[in-house]
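Text of protein_19.csv (CSV, C-alpha atoms) as supplied:
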```csv
chain,number,residue,atom,x,y,z
H,1,ILE,CA,0.0,0.0,0.0
H,2,TYR,CA,2.8,2.4,0.9
H,3,ASN,CA,4.5,1.8,-2.4
H,4,ILE,CA,1.3,2.7,-4.3
H,5,ALA,CA,0.6,5.8,-2.2
H,6,SER,CA,4.2,6.9,-2.4
H,7,THR,CA,4.3,6.6,-6.1
H,8,ILE,CA,1.1,8.6,-6.5
H,9,LEU,CA,2.3,11.3,-4.1
H,10,ILE,CA,5.6,11.6,-5.9
H,11,ALA,CA,3.9,11.8,-9.3
H,12,HIS,CA,1.5,14.5,-8.0
H,13,ALA,CA,3.9,16.4,-5.7
H,14,ASN,CA,2.1,19.7,-6.5
H,15,SER,CA,-1.0,18.3,-4.9
H,16,ILE,CA,0.7,18.0,-1.5
H,17,GLU,CA,0.0,20.8,0.9
H,18,PRO,CA,2.2,22.0,3.8
H,19,ASP,CA,-0.4,20.7,6.3
H,20,ASP,CA,-0.1,17.2,4.8
H,21,VAL,CA,3.5,16.9,5.9
H,22,SER,CA,2.7,16.0,9.5
H,23,ARG,CA,0.4,13.1,8.3
H,24,ILE,CA,3.0,11.8,5.8
H,25,LEU,CA,6.4,12.2,7.4
H,26,ARG,CA,6.4,9.4,9.9
H,27,SER,CA,5.5,6.8,7.3
H,28,ALA,CA,8.1,8.3,4.9
H,29,ILE,CA,10.8,8.0,7.6
H,30,GLU,CA,9.8,4.4,8.4
H,31,LYS,CA,10.3,3.4,4.7
H,32,ALA,CA,13.4,5.6,4.1
H,33,LYS,CA,15.2,4.0,7.1
H,34,PRO,CA,13.6,0.7,7.9
H,35,ILE,CA,14.7,-1.4,10.9
H,36,ASN,CA,15.7,-4.9,9.8
H,37,ASP,CA,15.6,-7.1,12.9
H,38,SER,CA,16.5,-10.7,12.0
H,39,PHE,CA,15.1,-12.0,15.3
H,40,ILE,CA,11.7,-10.6,14.5
H,41,ASP,CA,11.5,-10.6,10.7
H,42,GLN,CA,13.7,-12.7,8.4
H,43,SER,CA,12.9,-10.5,5.4
H,44,ILE,CA,15.1,-7.5,4.5
H,45,GLN,CA,13.3,-4.3,3.8
H,46,GLU,CA,15.0,-2.1,1.3
H,47,PRO,CA,15.2,1.6,2.0
H,48,LYS,CA,12.8,3.7,0.0
H,49,PRO,CA,13.7,7.3,0.7
H,50,GLU,CA,12.2,9.0,-2.4
H,51,LEU,CA,9.1,10.4,-0.6
H,52,LEU,CA,11.2,11.6,2.3
H,53,TYR,CA,13.6,13.4,0.0
H,54,LEU,CA,10.6,15.0,-1.9
H,55,LEU,CA,9.2,16.3,1.4
H,56,TRP,CA,12.6,17.7,2.4
H,57,LYS,CA,13.0,19.4,-0.9
H,58,LYS,CA,9.5,20.8,-1.2
H,59,PHE,CA,8.6,21.4,2.5
H,60,ASN,CA,11.9,21.9,4.2
H,61,ALA,CA,10.6,24.2,7.0
H,62,GLU,CA,7.7,21.8,7.8
H,63,VAL,CA,9.9,18.8,7.9
H,64,ILE,CA,12.4,20.5,10.3
H,65,LYS,CA,9.4,21.5,12.5
H,66,GLU,CA,8.0,17.9,12.5
H,67,VAL,CA,11.4,16.4,13.3
H,68,LYS,CA,11.8,18.9,16.2
H,69,GLN,CA,8.4,17.7,17.6
H,70,LEU,CA,9.5,14.1,17.3
H,71,LEU,CA,12.8,14.8,19.1
H,72,SER,CA,10.8,16.6,21.8
H,73,ASN,CA,8.6,13.7,22.4
H,74,SER,CA,8.8,11.7,25.6
H,75,LYS,CA,8.4,8.3,23.8
H,76,TYR,CA,11.6,6.4,22.8
H,77,ARG,CA,10.2,5.2,19.5
H,78,LEU,CA,9.3,8.6,18.3
H,79,VAL,CA,12.6,10.2,19.3
H,80,GLU,CA,14.5,7.4,17.6
H,81,LEU,CA,12.2,7.8,14.5
H,82,ALA,CA,13.5,11.4,14.3
H,83,GLY,CA,17.1,10.0,14.4
H,84,ARG,CA,16.3,7.6,11.6
H,85,GLY,CA,14.8,10.4,9.5
H,86,LEU,CA,17.8,12.6,10.0
H,87,VAL,CA,20.3,9.8,9.1
H,88,ALA,CA,18.3,9.1,5.9
H,89,LEU,CA,18.3,12.8,5.0
H,90,GLN,CA,22.0,13.2,5.8
H,91,ALA,CA,22.9,10.6,3.1
H,92,THR,CA,22.1,13.3,0.5
H,93,ASN,CA,21.9,16.4,2.6
H,94,PRO,CA,24.9,16.3,5.1
H,95,LEU,CA,23.6,19.4,6.9
H,96,ALA,CA,20.1,18.1,7.3
H,97,ALA,CA,20.3,18.1,11.2
H,98,LYS,CA,21.7,21.6,11.4
H,99,ASP,CA,18.5,23.3,12.6
H,100,ASN,CA,17.9,20.7,15.3
H,101,ILE,CA,21.5,19.8,16.3
H,102,ARG,CA,21.4,21.4,19.8
H,103,LEU,CA,18.0,19.8,20.6
H,104,MET,CA,19.2,16.4,19.3
H,105,ILE,CA,22.4,16.4,21.4
H,106,SER,CA,20.5,17.5,24.5
H,107,VAL,CA,17.9,14.8,24.1
H,108,TYR,CA,20.5,12.2,23.6
H,109,VAL,CA,22.6,13.3,26.6
H,110,ARG,CA,19.6,13.7,28.9
H,111,ALA,CA,17.6,10.8,27.5
H,112,HIS,CA,17.0,9.1,30.9
H,113,THR,CA,15.4,12.3,32.2
H,114,LEU,CA,13.5,13.3,29.1
H,115,ILE,CA,12.3,10.0,27.7
H,116,GLU,CA,9.8,8.3,30.0
H,117,ASP,CA,10.3,4.7,28.6
H,118,MET,CA,14.1,4.9,28.2
H,119,ASP,CA,15.9,1.9,29.8
H,120,GLU,CA,18.9,-0.3,29.3
H,121,ARG,CA,17.4,-1.9,26.2
H,122,HIS,CA,17.3,1.4,24.4
H,123,GLU,CA,20.4,3.1,23.0
H,124,LEU,CA,19.1,5.9,20.6
H,125,GLN,CA,21.6,4.6,18.2
H,126,HIS,CA,20.1,6.4,15.2
H,127,VAL,CA,20.1,9.7,17.1
H,128,ASN,CA,23.7,9.1,18.0
H,129,ASP,CA,24.6,8.3,14.4
H,130,ALA,CA,22.8,11.5,13.2
H,131,ILE,CA,24.9,13.5,15.8
H,132,ARG,CA,28.1,11.8,14.5
H,133,ASN,CA,27.2,12.8,10.9
H,134,ALA,CA,26.6,16.3,12.1
H,135,PHE,CA,29.9,16.3,14.0
H,136,GLU,CA,31.8,15.3,10.9
H,137,GLN,CA,30.2,18.3,9.1
H,138,GLU,CA,30.5,20.9,11.8
H,139,PRO,CA,32.9,19.6,14.5
H,140,LEU,CA,33.5,22.8,16.3
H,141,ILE,CA,29.8,23.7,16.7
H,142,VAL,CA,28.9,20.2,17.9
H,143,ASP,CA,31.9,19.9,20.2
H,144,GLU,CA,31.0,23.3,21.8
H,145,ILE,CA,27.4,22.1,22.5
H,146,ILE,CA,28.7,18.8,24.0
H,147,GLN,CA,31.1,20.7,26.2
H,148,GLN,CA,28.4,23.0,27.5
H,149,LEU,CA,26.3,20.0,28.4
H,150,LEU,CA,29.2,18.3,30.1
H,151,ALA,CA,29.7,21.3,32.3
H,152,SER,CA,26.1,21.0,33.7
H,153,SER,CA,25.4,17.3,33.6
H,154,ASN,CA,25.2,14.5,36.2
H,155,LYS,CA,27.2,11.3,35.9
H,156,SER,CA,24.7,9.4,33.7
H,157,SER,CA,24.4,12.3,31.3
H,158,LYS,CA,28.2,12.8,31.2
H,159,LEU,CA,28.5,9.2,30.2
H,160,ARG,CA,26.2,9.7,27.3
H,161,ALA,CA,28.0,12.8,26.2
H,162,TYR,CA,31.2,10.9,26.0
H,163,GLU,CA,29.4,8.2,24.0
H,164,ILE,CA,29.0,10.7,21.2
H,165,TYR,CA,32.8,11.2,21.0
H,166,GLU,CA,33.2,7.4,21.2
H,167,ASN,CA,30.8,6.9,18.3
H,168,VAL,CA,32.7,9.3,16.1
H,169,LEU,CA,35.9,7.2,16.7
H,170,LYS,CA,34.3,3.8,16.8
H,171,PHE,CA,32.7,4.4,13.3
H,172,HIS,CA,36.2,4.8,11.8
H,173,LYS,CA,37.9,2.0,13.9
H,174,LYS,CA,35.4,-0.8,13.1
H,175,ASN,CA,36.6,-1.2,9.5
H,176,GLN,CA,40.3,-1.9,9.9
H,177,THR,CA,40.8,-2.0,6.1
H,178,GLU,CA,40.1,1.7,5.8
H,179,SER,CA,42.9,4.0,4.8
H,180,VAL,CA,44.6,5.9,7.6
H,181,LEU,CA,42.9,9.2,8.3
H,182,PRO,CA,45.0,12.3,7.8
H,183,ILE,CA,46.1,14.5,10.7
H,184,LYS,CA,43.9,17.3,9.4
H,185,ASP,CA,40.8,15.2,9.8
H,186,GLN,CA,39.4,17.6,12.4
H,187,PRO,CA,36.3,15.7,13.7
H,188,GLN,CA,38.2,12.6,14.6
H,189,ARG,CA,41.0,14.6,16.1
H,190,ILE,CA,38.7,16.6,18.3
H,191,ALA,CA,36.9,13.5,19.4
H,192,LEU,CA,40.2,11.8,20.2
H,193,GLN,CA,41.4,14.8,22.2
H,194,ARG,CA,38.2,14.8,24.3
H,195,ILE,CA,38.3,11.1,24.9
H,196,LEU,CA,42.0,11.1,25.7
H,197,TRP,CA,41.8,13.8,28.4
H,198,ALA,CA,38.5,12.6,29.9
H,199,PRO,CA,40.0,10.3,32.5
H,200,THR,CA,42.1,13.1,33.8
H,201,LEU,CA,38.9,15.0,34.5
H,202,GLU,CA,36.4,12.3,35.4
H,203,ALA,CA,36.4,9.8,38.2
H,204,ASP,CA,33.2,7.8,37.5
H,205,HIS,CA,34.1,4.1,36.8
H,206,GLU,CA,31.5,3.8,34.0
H,207,ILE,CA,33.1,6.7,32.1
H,208,LEU,CA,36.6,5.3,32.6
H,209,THR,CA,35.4,2.0,31.3
H,210,LEU,CA,33.9,3.6,28.2
H,211,ILE,CA,37.1,5.5,27.5
H,212,LEU,CA,39.1,2.3,28.1
H,213,GLY,CA,37.0,0.6,25.4
H,214,VAL,CA,38.1,3.1,22.8
H,215,PHE,CA,41.8,2.4,23.5
H,216,ARG,CA,41.6,-1.4,24.0
H,217,SER,CA,42.5,-2.2,20.4
H,218,ALA,CA,45.2,-0.7,18.1
H,219,PRO,CA,44.8,2.8,16.5
H,220,TYR,CA,44.3,1.4,13.0
H,221,GLU,CA,43.1,4.3,10.7
H,222,LEU,CA,43.4,6.7,13.6
H,223,GLU,CA,47.2,6.2,13.6
H,224,GLN,CA,48.2,9.6,12.0
H,225,ILE,CA,45.9,11.5,14.4
H,226,ALA,CA,47.2,9.6,17.4
H,227,ARG,CA,50.7,10.4,16.3
H,228,ALA,CA,49.9,14.1,16.2
H,229,GLU,CA,48.7,13.8,19.8
H,230,ILE,CA,51.7,12.0,21.2
H,231,ASP,CA,52.5,14.8,23.7
H,232,SER,CA,48.9,14.6,25.0
H,233,PHE,CA,49.2,10.8,25.5
H,234,LEU,CA,52.4,11.2,27.5
H,235,ALA,CA,51.2,14.1,29.5
H,236,ALA,CA,47.9,12.3,30.3
H,237,ILE,CA,49.9,9.3,31.6
H,238,LEU,CA,51.7,11.5,34.1
H,239,ILE,CA,48.4,13.0,35.3
H,240,LEU,CA,46.8,9.5,35.6
H,241,ASP,CA,49.7,8.4,37.7
H,242,ASP,CA,49.0,11.3,40.0
H,243,LYS,CA,45.5,10.0,40.3
H,244,LEU,CA,46.8,6.5,41.2
H,245,HIS,CA,48.8,8.1,44.0
H,246,ALA,CA,45.7,10.0,45.1
H,247,ILE,CA,43.7,6.8,45.3
H,248,ASP,CA,46.4,5.1,47.3
H,249,ALA,CA,46.5,8.0,49.7
H,250,GLU,CA,42.8,7.9,50.4
H,251,PRO,CA,42.2,7.0,54.1
H,252,GLN,CA,41.0,3.4,54.6
H,253,LEU,CA,38.9,2.8,57.7
H,254,LYS,CA,39.3,-0.4,59.6
H,255,ASN,CA,35.6,-1.1,59.3
H,256,GLU,CA,35.4,-0.1,55.6
H,257,ASP,CA,32.7,-2.0,53.8
H,258,PHE,CA,33.4,-4.4,50.9
H,259,LEU,CA,31.6,-2.3,48.3
H,260,THR,CA,33.7,0.8,49.1
H,261,SER,CA,36.9,-1.2,48.9
H,262,MET,CA,35.9,-2.8,45.6
H,263,GLU,CA,34.9,0.6,44.1
H,264,ARG,CA,38.4,2.0,45.0
H,265,SER,CA,40.0,-1.1,43.5
H,266,ASN,CA,38.0,-0.8,40.3
H,267,ARG,CA,38.9,2.9,39.9
H,268,ARG,CA,42.6,2.1,40.4
H,269,SER,CA,42.4,-0.8,38.0
H,270,ALA,CA,40.7,1.2,35.3
H,271,ILE,CA,43.2,4.1,35.6
H,272,LYS,CA,46.1,1.7,35.4
H,273,SER,CA,44.7,0.0,32.4
H,274,LEU,CA,44.2,3.4,30.7
H,275,MET,CA,47.9,4.2,31.4
H,276,LYS,CA,48.9,0.9,29.7
H,277,SER,CA,46.7,1.6,26.7
H,278,TYR,CA,48.0,5.1,26.3
H,279,ILE,CA,51.6,4.1,26.3
H,280,GLU,CA,50.8,1.2,23.9
H,281,TRP,CA,49.1,3.6,21.4
H,282,ALA,CA,52.1,6.0,21.8
H,283,SER,CA,54.5,3.1,21.1
H,284,ILE,CA,52.6,1.8,18.1
H,285,VAL,CA,52.5,5.2,16.4
H,286,SER,CA,56.1,6.0,17.3
H,287,ALA,CA,57.9,2.8,16.3
H,288,ASP,CA,59.3,4.2,13.0
H,289,ASP,CA,59.8,7.8,14.0
H,290,GLU,CA,63.1,8.7,15.7
H,291,ASN,CA,61.7,12.0,17.2
H,292,LEU,CA,58.7,10.3,18.7
H,293,ILE,CA,60.7,7.4,20.1
H,294,THR,CA,63.0,10.0,21.8
H,295,LYS,CA,60.0,11.5,23.5
H,296,ILE,CA,59.0,8.2,25.0
H,297,ILE,CA,62.5,7.3,26.1
H,298,ASP,CA,63.0,10.8,27.6
H,299,LEU,CA,59.8,10.3,29.6
H,300,ILE,CA,61.1,7.0,31.0
H,301,ASP,CA,64.6,8.4,31.7
H,302,THR,CA,63.4,11.6,33.5
H,303,LEU,CA,60.9,9.9,35.9
H,304,PRO,CA,61.7,10.9,39.5
H,305,GLU,CA,62.4,8.4,42.2
H,306,GLY,CA,59.4,6.7,43.8
H,307,ARG,CA,57.6,6.3,40.5
H,308,ASP,CA,58.4,2.6,40.1
H,309,GLU,CA,54.9,1.6,39.2
H,310,LEU,CA,54.7,4.2,36.4
H,311,LYS,CA,58.2,3.3,35.1
H,312,GLY,CA,57.2,-0.4,35.1
H,313,ILE,CA,54.0,0.4,33.2
H,314,LEU,CA,56.0,2.3,30.6
H,315,LEU,CA,58.5,-0.4,30.2
H,316,GLY,CA,56.0,-3.2,30.2
H,317,SER,CA,53.9,-1.6,27.4
H,318,THR,CA,56.7,-0.6,25.0
H,319,GLU,CA,57.1,-3.9,23.3
H,320,HIS,CA,55.5,-2.2,20.3
H,321,LEU,CA,58.6,0.0,19.9
H,322,ALA,CA,60.6,-3.1,19.2
H,323,SER,CA,58.6,-3.8,16.1
H,324,SER,CA,61.2,-1.7,14.3
H,325,VAL,CA,65.0,-2.1,14.6
H,326,LYS,CA,65.2,1.6,15.3
H,327,GLY,CA,62.7,1.3,18.2
H,328,LEU,CA,64.3,-1.8,19.6
H,329,THR,CA,67.7,-0.2,19.6
H,330,ARG,CA,66.4,2.8,21.6
H,331,ILE,CA,64.3,0.9,24.1
H,332,LEU,CA,66.6,-2.1,24.8
H,333,PRO,CA,68.9,-0.3,27.3
H,334,ASN,CA,65.9,0.7,29.4
H,335,LEU,CA,64.6,-2.9,29.4
H,336,TYR,CA,68.0,-4.2,30.3
H,337,HIS,CA,68.3,-1.8,33.2
H,338,GLY,CA,64.8,-2.7,34.2
H,339,LEU,CA,65.8,-6.4,34.4
H,340,VAL,CA,68.9,-5.8,36.5
H,341,GLY,CA,67.6,-2.9,38.6
H,342,ALA,CA,66.7,-2.8,42.2
H,343,SER,CA,62.9,-2.7,41.7
H,344,THR,CA,61.2,-6.0,41.6
H,345,LEU,CA,58.2,-4.4,40.0
H,346,ASN,CA,60.4,-3.0,37.2
H,347,ARG,CA,62.0,-6.4,36.6
H,348,TYR,CA,58.6,-7.9,36.3
H,349,TYR,CA,57.4,-5.4,33.7
H,350,ALA,CA,60.7,-5.4,31.7
H,351,ALA,CA,60.6,-9.2,31.5
H,352,ASN,CA,57.0,-9.2,30.3
H,353,ALA,CA,57.9,-6.6,27.7
H,354,LEU,CA,60.7,-8.7,26.4
H,355,ALA,CA,58.5,-11.8,26.3
H,356,GLU,CA,55.9,-9.9,24.2
H,357,ILE,CA,58.4,-8.7,21.6
H,358,ASN,CA,57.8,-10.2,18.2
H,359,TYR,CA,59.8,-13.4,17.8
H,360,LYS,CA,61.6,-12.0,14.7
H,361,ALA,CA,62.9,-9.1,16.8
H,362,HIS,CA,64.6,-11.5,19.2
H,363,ALA,CA,67.3,-12.1,16.7
H,364,ASN,CA,68.5,-8.5,17.2
H,365,ILE,CA,68.7,-8.8,21.0
H,366,PRO,CA,72.2,-9.5,22.3
H,367,PRO,CA,72.8,-12.5,24.6
H,368,LEU,CA,73.7,-10.2,27.5
H,369,VAL,CA,70.0,-9.2,27.8
H,370,TYR,CA,68.9,-12.9,28.1
H,371,GLU,CA,71.6,-13.5,30.8
H,372,ALA,CA,70.0,-10.7,32.8
H,373,PHE,CA,67.0,-13.0,33.2
H,374,CYS,CA,69.0,-14.9,35.8
H,375,VAL,CA,68.4,-12.1,38.2
H,376,LEU,CA,64.7,-13.0,38.1
H,377,PHE,CA,65.4,-16.3,39.9
H,378,SER,CA,66.1,-14.4,43.1
H,379,ASP,CA,62.7,-12.7,43.1
```

Full structure transcribed into structure tokens:
Amino acid sequence: IYNIASTILIAHANSIEPDDVSRILRSAIEKAKPINDSFIDQSIQEPKPELLYLLWKKFNAEVIKEVKQLLSNSKYRLVELAGRGLVALQATNPLAAKDNIRLMISVYVRAHTLIEDMDERHELQHVNDAIRNAFEQEPLIVDEIIQQLLASSNKSSKLRAYEIYENVLKFHKKNQTESVLPIKDQPQRIALQRILWAPTLEADHEILTLILGVFRSAPYELEQIARAEIDSFLAAILILDDKLHAIDAEPQLKNEDFLTSMERSNRRSAIKSLMKSYIEWASIVSADDENLITKIIDLIDTLPEGRDELKGILLGSTEHLASSVKGLTRILPNLYHGLVGASTLNRYYAANALAEINYKAHANIPPLVYEAFCVLFSD
């Protein structure tokens, strides 16, 4: 029936009045961006966006108004319908969400407050995708809105704000065969900067876990952008180490309950994992660049006394530098000193790093380094 009605409306577009848009738009969006759920329906519905495109072209102001009303609704289905419509329109009109961008971001970030049937089953993925598309067109405007919301949000809303940045990066990391994005790719660089520095500003475990998920795998096509942010990675590691020391310095009551102790342990574990991921990314993108390798080595060499855990983390996560002869040559003295040094923790991390080095690189490691493993038998 829709196909027949759509064909007739398109053929007689001049007969459509502005007041008709509100009655047509929802069905047009449903067909332009169908939801194919294999658990419910085995058949695949092909997108049929022609009617939606016609309405956008002929009644632009009315469509924008109707989308705004959908976004302002308190029902999840209708808010997500707006997202589906915007994503469909952005395929041919990249700036289709421009007039509703602030509302769209606000609704996404504060969804648990504004949408009455929002729960853990609902993600507003299409709304997030529409925001991502808008971010890629106007990154500075979208970033400014997100930052304004972060400044006045509670923990759950902050988490959703960071999900927007995550979605921008995840979209480009999911296809590892894509070409490496250039440094000047501003949307992804802004998103990486915000995600990278977030753990230095936020203490919530869910936010830290979200950020950790971004850095859990290799940079892939974000490699050039990550390389440009090498100083930020190294500086953030130092700040995160300060946060580790602050956690360790928190007073622990004798009668402290289990949940409080576990929460502290989880925070510490998440920060430590982030530090490892940051140095891994830094090592991966620096392996073939003498200047960047020098920055990592200088950081290790200039650490003050009492930072054994940080030094160990840096040593233990730099096996990626050894993927090149240049990187192996520079990092090997530090690994050797780690093996024979006074710190048991550093010996552990250095041994792990050597064990993780690619087997081909072992041919370039002198026997003296392997002899240093004898020290480990006394630990």

Open item on the list: Would you pick out the contacts of Gly327 (chain H) at 6 Å or less, using all atoms listed in the file, so that residues sharing its chain but fewer than 5 positions from it are not included, and give the list as a count of residues only?
Closed with: 3

- [ ] May I ask which of the residues H:Arg132, H:Arg307, H:Arg267, H:Lys295 is the closest one to Gln188 (chain H), counting all atoms listed in the file?
- [x]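 Looking only at the distances to Gln188 (chain H), the closest residue turns out to be H:Arg132.
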
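Considering the residues H:Ile296, H:Val109, H:Met275, H:Leu81 and counting all atoms listed in the file, Ile35 (chain H) has its shortest atom-to-atom contact with H:Leu81.
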
Open item on the list: Would you pick out the contacts of region 1-12 of chain H at 9 Å or less, using all atoms listed in the file, so that residues sharing its chain but fewer than 2 positions from it are not included, and give the list as a list in words?
Closed with: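 Everything that qualifies: Asn14, Ser15, Ile16, Ser27, Ala28, Lys31, Lys48, Glu50, Leu51 and Leu54 of chain H.
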
TODO: Find the residues near Ala235 (chain H): any atom within 12 Å, counting only C-alpha atoms, skip ones fewer than 6 places away on the same chain, and give them as a PyMOL selection string.
DONE: chain H and resi 196-197+200+229+241-242+275+278-279+282+295-296+299

Would you write out those residues with C-alpha atoms, as a PDB file, in the frame of the given file?
```
ATOM      1  CA  LEU H 196      42.000  11.100  25.700  1.00  0.00           C
ATOM      2  CA  TRP H 197      41.800  13.800  28.400  1.00  0.00           C
ATOM      3  CA  THR H 200      42.100  13.100  33.800  1.00  0.00           C
ATOM      4  CA  GLU H 229      48.700  13.800  19.800  1.00  0.00           C
ATOM      5  CA  ASP H 241      49.700   8.400  37.700  1.00  0.00           C
ATOM      6  CA  ASP H 242      49.000  11.300  40.000  1.00  0.00           C
ATOM      7  CA  MET H 275      47.900   4.200  31.400  1.00  0.00           C
ATOM      8  CA  TYR H 278      48.000   5.100  26.300  1.00  0.00           C
ATOM      9  CA  ILE H 279      51.600   4.100  26.300  1.00  0.00           C
ATOM     10  CA  ALA H 282      52.100   6.000  21.800  1.00  0.00           C
ATOM     11  CA  LYS H 295      60.000  11.500  23.500  1.00  0.00           C
ATOM     12  CA  ILE H 296      59.000   8.200  25.000  1.00  0.00           C
ATOM     13  CA  LEU H 299      59.800  10.300  29.600  1.00  0.00           C
TER      14      LEU H 299
END
```

- [ ] In the coordinates of the file, take the point (22.2, 23.2, 13.1) and a cut-off of 9 Å; then, counting only C-alpha atoms, name each qualifying protein, DNA or RNA residue as a list in words.
- [x]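 Checking each residue against the 9 Å limit leaves Leu95, Ala96, Ala97, Lys98, Asp99, Asn100, Ile101, Arg102, Ala134, Glu138, Ile141 and Val142 of chain H.
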
Selection above as a file: C-alpha atoms, as a short mmCIF file (atom, residue, chain, number, x, y, z; two decimals), in the coordinates of the input:
```cif
data_model
loop_
_atom_site.label_atom_id
_atom_site.label_comp_id
_atom_site.auth_asym_id
_atom_site.auth_seq_id
_atom_site.Cartn_x
_atom_site.Cartn_y
_atom_site.Cartn_z
CA LEU H 95 23.60 19.40 6.90
CA ALA H 96 20.10 18.10 7.30
CA ALA H 97 20.30 18.10 11.20
CA LYS H 98 21.70 21.60 11.40
CA ASP H 99 18.50 23.30 12.60
CA ASN H 100 17.90 20.70 15.30
CA ILE H 101 21.50 19.80 16.30
CA ARG H 102 21.40 21.40 19.80
CA ALA H 134 26.60 16.30 12.10
CA GLU H 138 30.50 20.90 11.80
CA ILE H 141 29.80 23.70 16.70
CA VAL H 142 28.90 20.20 17.90
#
```

TODO: Between H:Ile237, H:Ala161, H:Leu368, H:Ile357, single out the one closest to Glu309 (chain H), counting only C-alpha atoms.
DONE: H:Ile237

Task: Nearby residues (all atoms listed in the file) at most 9 Å from region 360-367 of chain H, same-chain spacing under 5 positions excluded, as a ChimeraX atom specification - done: /H:322-325,328-329,332,354,372

I need the chosen residues saved as a PDB file, in the frame of the given file, with C-alpha atoms.
```pdb
ATOM      1  CA  ALA H 322      60.600  -3.100  19.200  1.00  0.00           C
ATOM      2  CA  SER H 323      58.600  -3.800  16.100  1.00  0.00           C
ATOM      3  CA  SER H 324      61.200  -1.700  14.300  1.00  0.00           C
ATOM      4  CA  VAL H 325      65.000  -2.100  14.600  1.00  0.00           C
ATOM      5  CA  LEU H 328      64.300  -1.800  19.600  1.00  0.00           C
ATOM      6  CA  THR H 329      67.700  -0.200  19.600  1.00  0.00           C
ATOM      7  CA  LEU H 332      66.600  -2.100  24.800  1.00  0.00           C
ATOM      8  CA  LEU H 354      60.700  -8.700  26.400  1.00  0.00           C
ATOM      9  CA  ALA H 372      70.000 -10.700  32.800  1.00  0.00           C
TER      10      ALA H 372
END
```

Using the partial input, fill out region 359-370 of chain H with N, CA, C and O atoms; write the result as a compact mmCIF listing (two decimals), keeping the file's coordinate frame.
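Written output follows (out10.txt):
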```
# COMPACT_ATOMS: atom_id res chain seq x y z
N TYR H 359 58.74 -12.38 17.82
CA TYR H 359 59.80 -13.40 17.80
C TYR H 359 60.92 -13.03 16.81
O TYR H 359 62.11 -13.36 17.02
N LYS H 360 60.57 -12.36 15.72
CA LYS H 360 61.60 -12.00 14.70
C LYS H 360 62.56 -10.98 15.28
O LYS H 360 63.74 -10.96 14.88
N ALA H 361 62.08 -10.14 16.19
CA ALA H 361 62.90 -9.10 16.80
C ALA H 361 63.95 -9.70 17.75
O ALA H 361 64.99 -9.08 18.04
N HIS H 362 63.69 -10.91 18.26
CA HIS H 362 64.60 -11.50 19.20
C HIS H 362 65.98 -11.77 18.64
O HIS H 362 66.98 -11.83 19.37
N ALA H 363 66.06 -11.91 17.34
CA ALA H 363 67.30 -12.10 16.70
C ALA H 363 68.26 -10.91 16.82
O ALA H 363 69.48 -11.04 16.70
N ASN H 364 67.67 -9.76 17.07
CA ASN H 364 68.50 -8.50 17.20
C ASN H 364 68.78 -8.17 18.64
O ASN H 364 69.35 -7.11 18.91
N ILE H 365 68.40 -9.04 19.57
CA ILE H 365 68.70 -8.80 21.00
C ILE H 365 69.95 -9.52 21.40
O ILE H 365 70.07 -10.73 21.21
N PRO H 366 70.95 -8.81 21.94
CA PRO H 366 72.20 -9.50 22.30
C PRO H 366 72.05 -10.44 23.47
O PRO H 366 71.15 -10.28 24.31
N PRO H 367 72.90 -11.47 23.54
CA PRO H 367 72.80 -12.50 24.60
C PRO H 367 72.85 -11.93 26.00
O PRO H 367 72.27 -12.50 26.93
N LEU H 368 73.56 -10.81 26.18
CA LEU H 368 73.70 -10.20 27.50
C LEU H 368 72.32 -9.93 28.13
O LEU H 368 72.14 -10.06 29.35
N VAL H 369 71.36 -9.55 27.30
CA VAL H 369 70.00 -9.20 27.80
C VAL H 369 69.37 -10.50 28.36
O VAL H 369 68.74 -10.48 29.42
N TYR H 370 69.55 -11.63 27.67
CA TYR H 370 68.90 -12.90 28.10
C TYR H 370 69.62 -13.36 29.44
O TYR H 370 68.98 -13.95 30.31
```
